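*Asks:* File work-v2.tsv below, TSV, C-alpha atoms:
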chain	number	residue	atom	x	y	z
A	1131	MET	CA	0.00	0.00	0.00
A	1132	SER	CA	1.26	3.46	-0.89
A	1133	ASP	CA	2.49	5.90	1.79
A	1134	LYS	CA	0.40	8.54	0.07
A	1135	VAL	CA	-3.18	9.35	0.99
A	1136	VAL	CA	-5.36	7.91	-1.77
A	1137	LEU	CA	-9.10	8.50	-2.13
A	1138	HIS	CA	-11.28	6.02	-4.00
A	1139	TYR	CA	-14.62	7.45	-5.08
A	1140	PHE	CA	-16.58	8.84	-8.00
A	1141	ASN	CA	-15.69	12.08	-9.75
A	1142	GLY	CA	-18.24	14.12	-7.83
A	1143	ARG	CA	-18.96	15.55	-4.42
A	1144	GLY	CA	-21.08	13.00	-2.61
A	1145	LYS	CA	-19.75	11.62	0.67
A	1146	MET	CA	-16.11	12.23	-0.28
A	1147	GLU	CA	-16.28	16.01	-0.56
A	1148	SER	CA	-16.13	16.69	3.18
A	1149	ILE	CA	-13.12	14.37	3.35
A	1150	ARG	CA	-11.42	16.33	0.57
A	1151	TRP	CA	-12.19	19.56	2.44
A	1152	LEU	CA	-10.76	18.29	5.71
A	1153	LEU	CA	-7.56	16.95	4.17
A	1154	ALA	CA	-7.10	20.18	2.25
A	1155	ALA	CA	-7.64	22.29	5.38
A	1156	ALA	CA	-4.99	20.20	7.14
A	1157	GLY	CA	-2.59	20.83	4.27
A	1158	VAL	CA	-2.46	17.15	3.32
A	1159	GLN	CA	-1.80	16.25	-0.30
A	1160	PHE	CA	-3.78	13.34	-1.65
A	1161	GLU	CA	-4.35	11.39	-4.82
A	1162	GLU	CA	-7.70	10.30	-6.19
A	1163	VAL	CA	-8.78	7.18	-8.01
A	1164	PHE	CA	-12.12	7.83	-9.67
A	1165	LEU	CA	-14.43	4.86	-10.02
A	1166	THR	CA	-15.76	5.00	-13.56
A	1167	LYS	CA	-16.41	1.31	-14.18
A	1168	ARG	CA	-18.22	-1.38	-12.23
A	1169	GLU	CA	-15.10	-3.53	-12.52
A	1170	GLN	CA	-13.11	-1.10	-10.37
A	1171	TYR	CA	-15.66	-1.37	-7.58
A	1172	GLU	CA	-15.74	-5.17	-7.88
A	1173	LYS	CA	-11.95	-5.33	-7.62
A	1174	LEU	CA	-12.04	-3.33	-4.40
A	1175	LEU	CA	-14.58	-5.83	-3.11
A	1176	SER	CA	-12.52	-8.85	-4.14
A	1177	ASP	CA	-9.40	-7.31	-2.59
A	1178	GLY	CA	-11.24	-6.97	0.73
A	1179	ALA	CA	-10.84	-3.19	0.77
A	1180	LEU	CA	-14.50	-2.36	1.45
A	1181	MET	CA	-15.52	-3.59	4.88
A	1182	PHE	CA	-19.22	-2.90	4.29
A	1183	GLN	CA	-19.15	-3.02	0.48
A	1184	GLN	CA	-19.39	0.76	0.31
A	1185	VAL	CA	-17.29	3.75	-0.66
A	1186	PRO	CA	-15.79	6.24	0.14
A	1187	LEU	CA	-12.50	4.46	0.73
A	1188	VAL	CA	-9.40	6.27	1.96
A	1189	GLU	CA	-5.94	4.71	2.09
A	1190	ILE	CA	-3.96	6.39	4.85
A	1191	ASP	CA	-1.24	5.31	7.29
A	1192	GLY	CA	-1.28	1.76	5.96
A	1193	MET	CA	-5.02	1.41	6.54
A	1194	GLN	CA	-8.03	1.16	4.29
A	1195	LEU	CA	-10.65	3.33	5.96
A	1196	VAL	CA	-14.34	3.23	5.07
A	1197	GLN	CA	-17.46	4.85	6.57
A	1198	SER	CA	-17.30	8.60	6.10
A	1199	LYS	CA	-17.70	9.56	9.77
A	1200	ALA	CA	-14.89	7.21	10.81
A	1201	ILE	CA	-12.65	8.66	8.09
A	1202	LEU	CA	-13.39	12.24	9.13
A	1203	ASN	CA	-12.81	11.44	12.80
A	1204	TYR	CA	-9.44	9.85	12.01
A	1205	ILE	CA	-8.26	12.76	9.87
A	1206	ALA	CA	-9.42	15.30	12.46
A	1207	GLY	CA	-7.64	13.46	15.26
A	1208	LYS	CA	-4.44	12.97	13.29
A	1209	TYR	CA	-4.14	16.60	12.21
A	1210	ASN	CA	-5.16	18.36	15.44
A	1211	LEU	CA	-8.62	19.37	14.23
A	1212	TYR	CA	-10.54	17.60	17.00
A	1213	GLY	CA	-10.18	19.74	20.12
A	1214	LYS	CA	-8.01	19.38	23.17
A	1215	ASP	CA	-10.19	17.07	25.28
A	1216	LEU	CA	-13.34	14.95	25.28
A	1217	LYS	CA	-15.63	17.86	26.10
A	1218	GLU	CA	-14.39	19.86	23.13
A	1219	ARG	CA	-14.64	16.78	20.95
A	1220	ALA	CA	-18.27	16.34	21.95
A	1221	MET	CA	-19.03	19.94	20.97
A	1222	ILE	CA	-17.16	19.53	17.68
A	1223	ASP	CA	-19.16	16.36	16.99
A	1224	MET	CA	-22.46	18.12	17.63
A	1225	TYR	CA	-21.64	21.02	15.33
A	1226	SER	CA	-20.28	18.64	12.70
A	1227	GLU	CA	-23.37	16.44	12.80
A	1228	GLY	CA	-25.59	19.50	12.44
A	1229	ALA	CA	-23.60	20.62	9.40
A	1230	SER	CA	-23.85	17.10	8.00
A	1231	ASP	CA	-27.63	17.04	8.42
A	1232	LEU	CA	-27.91	20.30	6.49
A	1233	MET	CA	-25.54	18.99	3.79
A	1234	ASP	CA	-27.69	15.89	3.36
A	1235	LEU	CA	-30.74	18.08	2.83
A	1236	ILE	CA	-28.92	20.16	0.22
A	1237	MET	CA	-27.53	17.11	-1.55
A	1238	MET	CA	-31.02	15.75	-2.13
A	1239	TYR	CA	-31.98	18.80	-4.19
A	1240	PRO	CA	-30.50	17.82	-7.59
A	1241	PHE	CA	-32.25	14.46	-7.46
A	1242	LYS	CA	-35.71	15.86	-6.86
A	1243	PRO	CA	-38.15	15.78	-9.81
A	1244	ALA	CA	-38.54	19.16	-11.50
A	1245	GLU	CA	-42.02	19.64	-10.09
A	1246	HIS	CA	-40.74	19.15	-6.53
A	1247	LYS	CA	-37.55	21.22	-6.68
A	1248	GLN	CA	-39.06	24.52	-5.57
A	1249	THR	CA	-40.79	22.92	-2.61
A	1250	HIS	CA	-37.57	21.24	-1.54
A	1251	LEU	CA	-35.61	24.47	-1.98
A	1252	SER	CA	-38.13	26.22	0.29
A	1253	THR	CA	-37.65	23.45	2.85
A	1254	ILE	CA	-33.88	23.92	2.73
A	1255	GLU	CA	-34.24	27.66	3.22
A	1256	GLN	CA	-36.70	27.34	6.08
A	1257	LYS	CA	-34.70	24.72	7.98
A	1258	ALA	CA	-31.42	26.53	7.39
A	1259	LYS	CA	-32.77	29.81	8.73
A	1260	ASP	CA	-34.79	28.39	11.61
A	1261	ARG	CA	-32.86	25.33	12.78
A	1262	PHE	CA	-29.23	25.35	11.69
A	1263	LEU	CA	-27.78	28.79	10.96
A	1264	PRO	CA	-28.91	30.38	14.26
A	1265	VAL	CA	-26.98	27.71	16.16
A	1266	PHE	CA	-23.78	28.43	14.25
A	1267	GLU	CA	-24.30	32.20	14.50
A	1268	LYS	CA	-24.57	31.86	18.29
A	1269	GLY	CA	-21.54	29.57	18.41
A	1270	LEU	CA	-19.45	32.23	16.68
A	1271	ALA	CA	-20.63	35.08	18.92
A	1272	ASP	CA	-17.43	35.31	20.98
A	1273	SER	CA	-14.83	33.59	18.84
A	1274	HIS	CA	-13.53	33.23	15.31
A	1275	PHE	CA	-14.03	29.46	15.64
A	1276	LEU	CA	-16.85	27.28	16.91
A	1277	VAL	CA	-15.01	25.34	19.63
A	1278	GLY	CA	-12.01	26.12	21.81
A	1279	ASN	CA	-10.94	29.24	19.93
A	1280	GLN	CA	-8.98	27.13	17.45
A	1281	LEU	CA	-9.63	25.61	14.05
A	1282	SER	CA	-11.46	22.29	14.13
A	1283	ARG	CA	-13.27	20.01	11.73
A	1284	ALA	CA	-16.53	21.72	12.76
A	1285	ASP	CA	-15.29	24.98	11.23
A	1286	VAL	CA	-14.28	23.28	8.00
A	1287	HIS	CA	-17.67	21.60	7.70
A	1288	LEU	CA	-19.47	24.88	8.44
A	1289	LEU	CA	-17.59	26.67	5.68
A	1290	GLU	CA	-18.34	23.86	3.24
A	1291	VAL	CA	-22.06	23.73	4.00
A	1292	THR	CA	-22.58	27.50	3.96
A	1293	LEU	CA	-20.89	27.73	0.57
A	1294	MET	CA	-23.18	24.93	-0.63
A	1295	LEU	CA	-26.17	26.87	0.66
A	1296	GLN	CA	-25.12	30.00	-1.16
A	1297	GLU	CA	-24.94	28.10	-4.44
A	1298	LEU	CA	-28.69	27.55	-4.16
A	1299	LEU	CA	-29.68	30.58	-2.09
A	1300	PRO	CA	-27.16	33.40	-2.66
A	1301	THR	CA	-28.60	35.76	0.00
A	1302	ILE	CA	-29.22	33.13	2.68
A	1303	LEU	CA	-26.55	34.56	5.03
A	1304	SER	CA	-27.73	38.18	4.86
A	1305	THR	CA	-29.08	38.06	8.42
A	1306	PHE	CA	-26.15	36.08	9.85
A	1307	PRO	CA	-23.23	38.54	10.12
A	1308	LYS	CA	-21.09	36.32	12.35
A	1309	ILE	CA	-21.20	33.50	9.79
A	1310	GLN	CA	-20.37	35.94	7.00
A	1311	ALA	CA	-17.33	37.19	8.91
A	1312	PHE	CA	-16.37	33.61	9.71
A	1313	GLN	CA	-16.47	32.71	6.03
A	1314	GLU	CA	-14.09	35.52	5.13
A	1315	LYS	CA	-11.61	34.56	7.85
A	1316	MET	CA	-11.74	30.89	6.82
A	1317	LYS	CA	-11.25	31.72	3.14
A	1318	ALA	CA	-8.12	33.68	4.08
A	1319	LEU	CA	-6.42	30.65	5.66
A	1320	PRO	CA	-3.67	29.57	3.23
A	1321	THR	CA	-4.75	25.93	2.95
A	1322	ILE	CA	-8.40	26.86	2.48
A	1323	SER	CA	-7.56	29.60	0.01
A	1324	LYS	CA	-5.59	27.11	-2.06
A	1325	PHE	CA	-8.49	24.63	-2.07
A	1326	LEU	CA	-10.87	27.32	-3.29
A	1327	GLN	CA	-8.75	28.13	-6.31
A	1328	PRO	CA	-9.63	26.82	-9.80
A	1329	GLY	CA	-7.92	23.55	-10.57
A	1330	SER	CA	-7.98	22.23	-7.00
A	1331	ALA	CA	-9.49	18.90	-5.98
A	1332	ARG	CA	-12.69	20.66	-4.92
A	1333	LYS	CA	-15.64	19.51	-6.97
A	1334	PRO	CA	-17.89	22.07	-8.70
A	1335	GLY	CA	-21.37	23.02	-7.57
A	1336	GLN	CA	-24.04	20.34	-7.98
A	1337	SER	CA	-21.34	17.81	-8.88
A	1338	LEU	CA	-22.99	15.13	-6.81
A	1339	VAL	CA	-23.09	11.41	-7.38
A	1340	LYS	CA	-25.80	9.34	-8.97
A	1341	SER	CA	-24.48	5.82	-8.99
A	1342	MET	CA	-25.35	2.17	-8.71
A	1343	PHE	CA	-22.66	1.79	-6.10
A	1344	LEU	CA	-23.38	1.98	-2.40
A	1345	GLN	CA	-22.01	4.91	-0.45
A	1346	ARG	CA	-21.76	5.91	3.13
As C-alpha cells, what does this structure read like?
*Replies:*
Amino acid sequence: MSDKVVLHYFNGRGKMESIRWLLAAAGVQFEEVFLTKREQYEKLLSDGALMFQQVPLVEIDGMQLVQSKAILNYIAGKYNLYGKDLKERAMIDMYSEGASDLMDLIMMYPFKPAEHKQTHLSTIEQKAKDRFLPVFEKGLADSHFLVGNQLSRADVHLLEVTLMLQELLPTILSTFPKIQAFQEKMKALPTISKFLQPGSARKPGQSLVKSMFLQR
C-alpha cells in the first residue's frame, strides 16, 4: 500500500467532498482514483478493501478506511482538528453532525423531480434559517471558531455547507453577520484559500453522485 493518501470514489462531491475539504484544510496532499467502471468497484470488493461493500474508501497510514464519519474522525484526530479534550470533541461532533444534516438536505436537491424542486428548496431555506444557521451564529458570537478558539473540523464543515447553501440561495446569510465574517476569515487561511482556487481537488457546484454503487 502506498504511503500517500489515496481517495477512491466517483468524480463528484457526494460523501467524499467533506473528506477532501478536511484533508485540504490540514494541508495534506492526496491522490484520487475515480471509479468509472463497475469492474473497479468489484476489484475493491474482491481485494477486501470495502468492509461494508461501500465507498468512500481512503488509504492512509497503511489502513483502508471506510465509513465517512470514521474517516473524518481519524483525519481530524491525526491533524489536530478535533479539540483538546473529550468535552471539546463532543461539541465539535455536535456542530459537525448539524452541518452534515444540512448537507444531506442540500444534496437531495438535484435528485428531486422538477415539479418538486421549488418545494424542496423552500424546505432547505426554512430549515437553514430556523434550525441550523442560528446555532452556528450563536456559536461564533465570541470567537472566530466554533469550539475552543482554534480551528477544528466543525469549522471546515461549516464553511463547506454554507458555501453549498449559497450556491442555491445566494442571500441566505444576509441576516447572519457572524457567519459571513467567519467565512471571510476561513477563506483567508492559506490551505483553504488554495483549495478554493480553480484547478484544486474541490468539486464544482451540484457535482454530486448518482451511482449504482453503495455509499456511506
*Asks:* I want to know what sits within 8 Å of range 1144-1153 of chain A, based on only C-alpha atoms, with residues of the same chain fewer than 3 positions away left out; could you give that as an NGL selection string?
*Replies:* :A and (1139 or 1156-1160 or 1186 or 1198 or 1201-1202 or 1205-1206 or 1237 or 1283 or 1286-1287 or 1290 or 1325 or 1331-1333 or 1337-1339 or 1345-1346)
*Asks:* A:Val1196, A:Leu1289, A:Val1185, A:Ala1154: which is nearest Phe1266 in chain A, counting all atoms listed in the file?
*Replies:*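 Distance minimum relative to Phe1266 in chain A lands on A:Leu1289.
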*Asks:* What does the structure give for the distance between CA of Asp1260 in chain A and CA of Glu1227 in chain A, in Å to one decimal?
*Replies:*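 Interatomic distance, CA of Asp1260 in chain A to CA of Glu1227 in chain A: 16.6 Å.
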*Asks:* Hey, what's within 8 Å of Asn1203 in chain A if we count only C-alpha atoms and toss same-chain stuff fewer than 4 positions away? As a PyMOL selection string, please?
*Replies:* chain A and resi 1199+1207+1212
*Asks:* For Ile1222 in chain A, which of A:Ser1282, A:Ser1176, A:Ser1323, A:Thr1253 is the closest residue, counting all atoms listed in the file?
*Replies:*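 Selected residue with least distance to Ile1222 in chain A: A:Ser1282.
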*Asks:* Taking 5 positions as the minimum chain separation for residues in the same chain, which residues sit within 9 Å of Gly1278 in chain A when counting all atoms listed in the file? Answer as a VMD selection string.
*Replies:* chain A and resid 1213 to 1214 1218 1273
*Asks:* Would you work out the distance separating CA of Ala1244 in chain A from CA of Leu1298 in chain A, expressed in Å to one decimal?
*Replies:* 14.9 Å
*Asks:* Taking 5 positions as the minimum chain separation for residues in the same chain, which residues sit within 10 Å of His1274 in chain A when counting all atoms listed in the file? Answer as a list in words.
*Replies:*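 Non-adjacent residues within range: Gly1269, Asn1279, Gln1280, Leu1281, Asp1285, Lys1308, Ile1309, Ala1311, Phe1312, Gln1313, Lys1315 and Met1316 of chain A.
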*Asks:* Contacts of Ala1284 in chain A at 8 Å or less, counting all atoms listed in the file, minus same-chain residues fewer than 3 places along, as a ChimeraX atom specification?
*Replies:* /A:1222-1223,1225-1226,1229,1276-1277,1287-1288
*Asks:* Just the number, please: distance in Å from CA of Val1163 in chain A to CA of Gln1327 in chain A, one decimal.
*Replies:* 21.0 Å
*Asks:* Could you tell me which of A:Phe1164, A:Tyr1204, A:Phe1182, A:Phe1306 comes closest to Ala1258 in chain A if we count only C-alpha atoms?
*Replies:* A:Phe1306
